[in-house]
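Okay, structure first, notes after.
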Amino acid sequence: MNSLFVSLQSKFSKTFILIVCFHVFFWVSYFFFPLLQFWGMEEYHFPVKKLLLDIVFKLIVIYSAFLIGLPYIFRHKLYKKKWLYLLGIAILIFSAYLNCLFIDSFFTCNTCFNMFCITRRGVETFYLIIFFTLFFLFERFTAQEKEIEAAKTAQYQSELKSLKAQIHPHFIFNTLNAIYSHAIVENLDSKFSNLIFQFSDILKYVVYEGQVKEVALSRELEIIESYITLQSFRHEEHVIVQYTSEITNNRLYIAPLLLITFIENAFKHTGNLTGEQHPITIEIREHSNVLHFYCKNPYTGKNDGILSSVRETESSENGIGLENTKKRLDILYPEKHHLHITKEASFFSVRLQIHLL
């Protein structure tokens, strides 16, 4: 029952009603045009029945072409065939002949069935077919544009869901890993309680707020700061984080979980390094509604020992995360962002600018 209602509703939409009104107005105007043309001439008698029969015949021909012929031609791409135009001319001449014959069968007169009559009605039908063909092409073009836009929107939404589905679990498992490591080596004190609270906030953000189109920039920075705190606890022995943020407009919004991939990538690469005091620099600034993000971390492509294969896997995962983020930026901020990634033997850096308005 619901599907039937939806079907009827779509058929009698505003667009459909407007198209029907246009067709009715056109044929009513076509019917009364001779009366307007010869208005004021006393010797002119308005041939109502003859015009009605003429219009009935033309309605059959025109709408057969409009509703059956043209869709079939475009569906099978027959408009590329030369013989189709010869066939069209033959059908047009034959329909004009039938038109005169049809009217002559009801009104026997000398002017209803001769070469002049056939030519005149053929020309009239030709122009009507041209007019309705143009109307059909316009409708087809409009419908295709709507379908393309709908397909693009569906594709973008599908890609965003797919990309988020890949980013979010990766992010959550890494954060859980950090807490688990501290749970083993630390006692449950105020630091650890704060760690759990921050992770809870991040988890809530990823599950709920991370699904919306945009979030407040200030809220996104809160999550970034919590994530930096968590990872700083995890790597506190050999990682030093230099983090600064400066936001002047608190009313700006940004797509959630965009910047976190670059920061996660920085901690992963730095966490794989041996030794102590490896710096990670993270700067987030906003000026004139343009967000400036900068992240730099030490990097080396050399992997030694039994952890080599594990690190290669992690590097591959980082690549997926970065590619996903690039795609999200292209989808969400087309021509409104600039991303520059530098990868050298000793460091890895990311510079990103996003016009948020």
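Quick note on naming: the chains in the structure tokens go A, B, ... in the order shown, residues restart at 1 in each chain, and ligands are numbered from 1 in order of appearance.
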Q.
At a cut-off of 7 Å, using only C-alpha atoms, what residues contact Gly271 (chain A)? Leave out same-chain residues fewer than 3 positions from it and give the result as a list in words.
A. His235, Phe267 and Lys268 of chain A
Report task. Mind the document's chain letters and residue numbers, and return as JSON, numbers by chain the residues of region 206-265 of chain A that DSSP labels strand (DSSP E). Result -> {"A": [215, 216, 239, 240, 241, 242, 243, 244, 245, 246, 253, 254]}
With distances taken over only C-alpha atoms, the candidate from A:Cys100, A:Val61, A:Val56, A:Leu257 nearest Leu329 (chain A) is A:Leu257
- Query: What is the distance, in Å and to one decimal place, between CA of Arg285 (chain A) and CA of Gln353 (chain A)?
  - Reply: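 Going from CA of Arg285 (chain A) over to CA of Gln353 (chain A), I get 9.7 Å.
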CA of Thr261 (chain A) to CA of Val350 (chain A) measures 10.9 Å
Need to verify the contact set: Ile354 (chain A), 10 Å, only C-alpha atoms, exclusion of same-chain residues closer than 4 positions in sequence. Can you return it as an mmCIF file with N, CA, C and O atoms, in the first residue's frame?
data_model
loop_
_atom_site.group_PDB
_atom_site.id
_atom_site.type_symbol
_atom_site.label_atom_id
_atom_site.label_comp_id
_atom_site.auth_asym_id
_atom_site.auth_seq_id
_atom_site.Cartn_x
_atom_site.Cartn_y
_atom_site.Cartn_z
ATOM 1 N N ILE A 254 34.439 22.036 10.709
ATOM 2 C CA ILE A 254 35.330 21.220 9.898
ATOM 3 C C ILE A 254 34.810 19.786 9.867
ATOM 4 O O ILE A 254 34.103 19.345 10.787
ATOM 5 N N GLU A 286 44.686 29.164 12.762
ATOM 6 C CA GLU A 286 43.612 29.631 11.889
ATOM 7 C C GLU A 286 43.756 31.126 11.684
ATOM 8 O O GLU A 286 43.961 31.890 12.644
ATOM 9 N N ASN A 289 39.766 32.593 8.437
ATOM 10 C CA ASN A 289 38.939 31.421 8.110
ATOM 11 C C ASN A 289 39.691 30.347 7.322
ATOM 12 O O ASN A 289 39.074 29.461 6.724
ATOM 13 N N VAL A 290 41.008 30.432 7.322
ATOM 14 C CA VAL A 290 41.840 29.410 6.677
ATOM 15 C C VAL A 290 42.589 28.651 7.767
ATOM 16 O O VAL A 290 43.293 29.258 8.584
ATOM 17 N N LEU A 291 42.418 27.342 7.770
ATOM 18 C CA LEU A 291 43.091 26.499 8.757
ATOM 19 C C LEU A 291 44.456 26.097 8.226
ATOM 20 O O LEU A 291 44.575 25.584 7.110
ATOM 21 N N HIS A 292 45.497 26.315 9.034
ATOM 22 C CA HIS A 292 46.865 25.931 8.679
ATOM 23 C C HIS A 292 47.308 24.811 9.628
ATOM 24 O O HIS A 292 47.363 25.007 10.848
ATOM 25 N N PHE A 293 47.599 23.671 9.052
ATOM 26 C CA PHE A 293 48.026 22.510 9.842
ATOM 27 C C PHE A 293 49.440 22.112 9.423
ATOM 28 O O PHE A 293 49.746 22.021 8.230
ATOM 29 N N LEU A 329 39.557 14.764 1.548
ATOM 30 C CA LEU A 329 39.811 16.179 1.283
ATOM 31 C C LEU A 329 39.326 16.563 -0.119
ATOM 32 O O LEU A 329 38.738 17.631 -0.315
ATOM 33 N N TYR A 333 36.435 19.117 0.306
ATOM 34 C CA TYR A 333 36.947 20.472 0.080
ATOM 35 C C TYR A 333 37.589 20.584 -1.312
ATOM 36 O O TYR A 333 38.770 20.873 -1.435
ATOM 37 N N PRO A 334 36.813 20.353 -2.356
ATOM 38 C CA PRO A 334 37.380 20.468 -3.713
ATOM 39 C C PRO A 334 37.789 21.905 -4.008
ATOM 40 O O PRO A 334 36.987 22.829 -3.817
ATOM 41 N N GLU A 335 39.025 22.077 -4.428
ATOM 42 C CA GLU A 335 39.576 23.393 -4.758
ATOM 43 C C GLU A 335 39.577 24.349 -3.572
ATOM 44 O O GLU A 335 39.678 25.570 -3.754
ATOM 45 N N LYS A 336 39.447 23.805 -2.376
ATOM 46 C CA LYS A 336 39.480 24.641 -1.166
ATOM 47 C C LYS A 336 40.570 24.190 -0.205
ATOM 48 O O LYS A 336 40.582 24.602 0.948
ATOM 49 N N HIS A 337 41.452 23.347 -0.666
ATOM 50 C CA HIS A 337 42.519 22.890 0.220
ATOM 51 C C HIS A 337 43.819 22.726 -0.572
ATOM 52 O O HIS A 337 43.800 22.560 -1.794
ATOM 53 N N HIS A 338 44.903 22.759 0.164
ATOM 54 C CA HIS A 338 46.219 22.519 -0.434
ATOM 55 C C HIS A 338 47.008 21.621 0.517
ATOM 56 O O HIS A 338 47.210 21.971 1.681
ATOM 57 N N LEU A 339 47.410 20.472 0.019
ATOM 58 C CA LEU A 339 48.134 19.498 0.834
ATOM 59 C C LEU A 339 49.517 19.271 0.248
ATOM 60 O O LEU A 339 49.653 18.976 -0.948
#
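Minimum distance to Ala255 (chain A) across A:His278, A:Leu332, A:Phe131, A:Val206 (counting only C-alpha atoms) occurs at A:Leu332.
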Open item on the list: What does the structure give for the distance between CA of Asn272 (chain A) and CA of Tyr299 (chain A), in Å to one decimal?
Closed with: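 Separating CA of Asn272 (chain A) from CA of Tyr299 (chain A) is a distance of 9.1 Å.
Here the question is which of A:Val241, A:Ile260, A:Cys21, A:Cys295 gets nearest to Glu220 (chain A) using only C-alpha atoms, and that residue is A:Ile260.
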In terms of only C-alpha atoms, the residue from A:Val215, A:Ala96, A:Leu137, A:Val123 at minimal distance from Leu258 (chain A) is A:Val215
(Q) List the spatial neighbours of Lys58 (chain A) as an NGL selection string - criterion: any atom at most 9 Å away, only C-alpha atoms, same-chain residues fewer than 2 positions off excluded. (A) :A and (53-56 or 60-63 or 95 or 99 or 125 or 128)
With all heavy atoms retained, export the selected residues as a CSV table (one decimal), in the first residue's frame.
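What landed in again.csv:
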chain,number,residue,atom,x,y,z
A,53,LEU,N,-11.1,17.0,-35.3
A,53,LEU,CA,-10.7,15.8,-36.0
A,53,LEU,C,-9.2,15.8,-36.3
A,53,LEU,O,-8.4,14.9,-36.2
A,53,LEU,CB,-11.5,15.5,-37.2
A,53,LEU,CG,-13.0,15.0,-37.0
A,53,LEU,CD1,-13.7,15.0,-38.3
A,53,LEU,CD2,-13.0,13.7,-36.3
A,54,ASP,N,-8.8,17.0,-36.8
A,54,ASP,CA,-7.4,17.2,-37.2
A,54,ASP,C,-6.5,17.1,-36.0
A,54,ASP,O,-5.4,16.4,-36.0
A,54,ASP,CB,-7.2,18.6,-37.8
A,54,ASP,CG,-5.8,18.8,-38.3
A,54,ASP,OD1,-5.2,18.0,-39.0
A,54,ASP,OD2,-5.2,19.9,-37.8
A,55,ILE,N,-6.9,17.7,-34.9
A,55,ILE,CA,-6.1,17.6,-33.6
A,55,ILE,C,-6.1,16.2,-33.1
A,55,ILE,O,-5.0,15.7,-32.6
A,55,ILE,CB,-6.6,18.6,-32.6
A,55,ILE,CG1,-6.2,20.0,-33.0
A,55,ILE,CG2,-6.1,18.3,-31.2
A,55,ILE,CD1,-6.7,21.1,-32.0
A,56,VAL,N,-7.2,15.5,-33.1
A,56,VAL,CA,-7.2,14.1,-32.6
A,56,VAL,C,-6.2,13.2,-33.4
A,56,VAL,O,-5.5,12.4,-32.8
A,56,VAL,CB,-8.6,13.5,-32.8
A,56,VAL,CG1,-8.6,12.0,-32.6
A,56,VAL,CG2,-9.6,14.1,-31.7
A,60,ILE,N,-2.6,11.5,-32.0
A,60,ILE,CA,-2.2,10.1,-32.1
A,60,ILE,C,-0.8,10.0,-32.7
A,60,ILE,O,0.1,9.2,-32.2
A,60,ILE,CB,-3.2,9.4,-33.0
A,60,ILE,CG1,-4.6,9.3,-32.3
A,60,ILE,CG2,-2.7,7.9,-33.3
A,60,ILE,CD1,-5.7,8.8,-33.2
A,61,VAL,N,-0.5,10.8,-33.8
A,61,VAL,CA,0.8,10.7,-34.4
A,61,VAL,C,1.9,11.3,-33.5
A,61,VAL,O,2.9,10.6,-33.3
A,61,VAL,CB,0.7,11.5,-35.8
A,61,VAL,CG1,2.1,11.6,-36.4
A,61,VAL,CG2,-0.2,10.8,-36.7
A,62,ILE,N,1.7,12.5,-33.0
A,62,ILE,CA,2.7,13.1,-32.2
A,62,ILE,C,3.1,12.3,-30.9
A,62,ILE,O,4.2,12.1,-30.6
A,62,ILE,CB,2.3,14.6,-31.8
A,62,ILE,CG1,2.1,15.4,-33.1
A,62,ILE,CG2,3.3,15.2,-30.8
A,62,ILE,CD1,3.3,15.6,-33.9
A,63,TYR,N,2.1,11.9,-30.2
A,63,TYR,CA,2.3,11.2,-28.9
A,63,TYR,C,2.8,9.8,-29.1
A,63,TYR,O,3.4,9.2,-28.2
A,63,TYR,CB,1.2,11.3,-28.0
A,63,TYR,CG,1.0,12.7,-27.4
A,63,TYR,CD1,0.1,13.6,-27.9
A,63,TYR,CD2,1.9,13.1,-26.4
A,63,TYR,CE1,0.0,14.8,-27.3
A,63,TYR,CE2,1.8,14.4,-25.9
A,63,TYR,CZ,0.8,15.2,-26.3
A,63,TYR,OH,0.8,16.5,-25.8
A,95,SER,N,1.6,9.9,-43.1
A,95,SER,CA,0.7,10.3,-42.0
A,95,SER,C,-0.1,11.5,-42.5
A,95,SER,O,-1.3,11.7,-42.1
A,95,SER,CB,1.5,10.7,-40.8
A,95,SER,OG,2.3,11.8,-41.0
A,99,ASN,N,-4.0,11.8,-42.7
A,99,ASN,CA,-4.7,12.9,-42.0
A,99,ASN,C,-5.8,13.5,-42.9
A,99,ASN,O,-6.9,13.7,-42.5
A,99,ASN,CB,-3.7,14.0,-41.7
A,99,ASN,CG,-4.2,15.0,-40.7
A,99,ASN,OD1,-5.4,15.0,-40.4
A,99,ASN,ND2,-3.4,15.9,-40.3
A,125,THR,N,2.6,18.8,-39.3
A,125,THR,CA,3.0,17.7,-38.5
A,125,THR,C,4.5,17.7,-38.3
A,125,THR,O,5.0,17.4,-37.2
A,125,THR,CB,2.6,16.4,-39.2
A,125,THR,OG1,1.2,16.4,-39.4
A,125,THR,CG2,2.9,15.2,-38.3
A,128,LEU,N,5.4,20.2,-35.7
A,128,LEU,CA,5.0,19.7,-34.4
A,128,LEU,C,6.0,18.6,-33.8
A,128,LEU,O,6.3,18.6,-32.7
A,128,LEU,CB,3.6,19.1,-34.5
A,128,LEU,CG,2.5,20.2,-34.6
A,128,LEU,CD1,1.1,19.5,-34.9
A,128,LEU,CD2,2.3,21.0,-33.3
Distance query Asn249 (chain A) at most 10 Å, only C-alpha atoms, self and fewer than 3 positions along chain excluded, as a PDB file with N, CA and C atoms, in the first residue's frame:
ATOM      1  N   LEU A 217      35.153  23.384  15.040  1.00  0.00           N
ATOM      2  CA  LEU A 217      36.609  23.257  15.001  1.00  0.00           C
ATOM      3  C   LEU A 217      37.195  23.140  16.407  1.00  0.00           C
ATOM      4  N   SER A 218      36.607  23.857  17.355  1.00  0.00           N
ATOM      5  CA  SER A 218      37.089  23.789  18.742  1.00  0.00           C
ATOM      6  C   SER A 218      36.932  22.388  19.312  1.00  0.00           C
ATOM      7  N   GLU A 246      46.231  27.824  17.695  1.00  0.00           N
ATOM      8  CA  GLU A 246      45.802  29.219  17.777  1.00  0.00           C
ATOM      9  C   GLU A 246      44.607  29.419  16.857  1.00  0.00           C
ATOM     10  N   LEU A 252      33.865  28.410  13.432  1.00  0.00           N
ATOM     11  CA  LEU A 252      34.201  27.623  12.247  1.00  0.00           C
ATOM     12  C   LEU A 252      33.889  26.150  12.459  1.00  0.00           C
ATOM     13  N   TYR A 253      33.573  25.467  11.357  1.00  0.00           N
ATOM     14  CA  TYR A 253      33.277  24.034  11.392  1.00  0.00           C
ATOM     15  C   TYR A 253      34.205  23.306  10.419  1.00  0.00           C
ATOM     16  N   GLU A 286      44.686  29.164  12.762  1.00  0.00           N
ATOM     17  CA  GLU A 286      43.612  29.631  11.889  1.00  0.00           C
ATOM     18  C   GLU A 286      43.756  31.126  11.684  1.00  0.00           C
ATOM     19  N   HIS A 287      43.667  31.538  10.427  1.00  0.00           N
ATOM     20  CA  HIS A 287      43.770  32.959  10.104  1.00  0.00           C
ATOM     21  C   HIS A 287      42.859  33.262   8.923  1.00  0.00           C
ATOM     22  N   SER A 288      41.969  34.214   9.114  1.00  0.00           N
ATOM     23  CA  SER A 288      41.027  34.622   8.053  1.00  0.00           C
ATOM     24  C   SER A 288      40.240  33.440   7.514  1.00  0.00           C
ATOM     25  N   ASN A 289      39.766  32.593   8.437  1.00  0.00           N
ATOM     26  CA  ASN A 289      38.939  31.421   8.110  1.00  0.00           C
ATOM     27  C   ASN A 289      39.691  30.347   7.322  1.00  0.00           C
ATOM     28  N   VAL A 290      41.008  30.432   7.322  1.00  0.00           N
ATOM     29  CA  VAL A 290      41.840  29.410   6.677  1.00  0.00           C
ATOM     30  C   VAL A 290      42.589  28.651   7.767  1.00  0.00           C
TER      31      VAL A 290
END
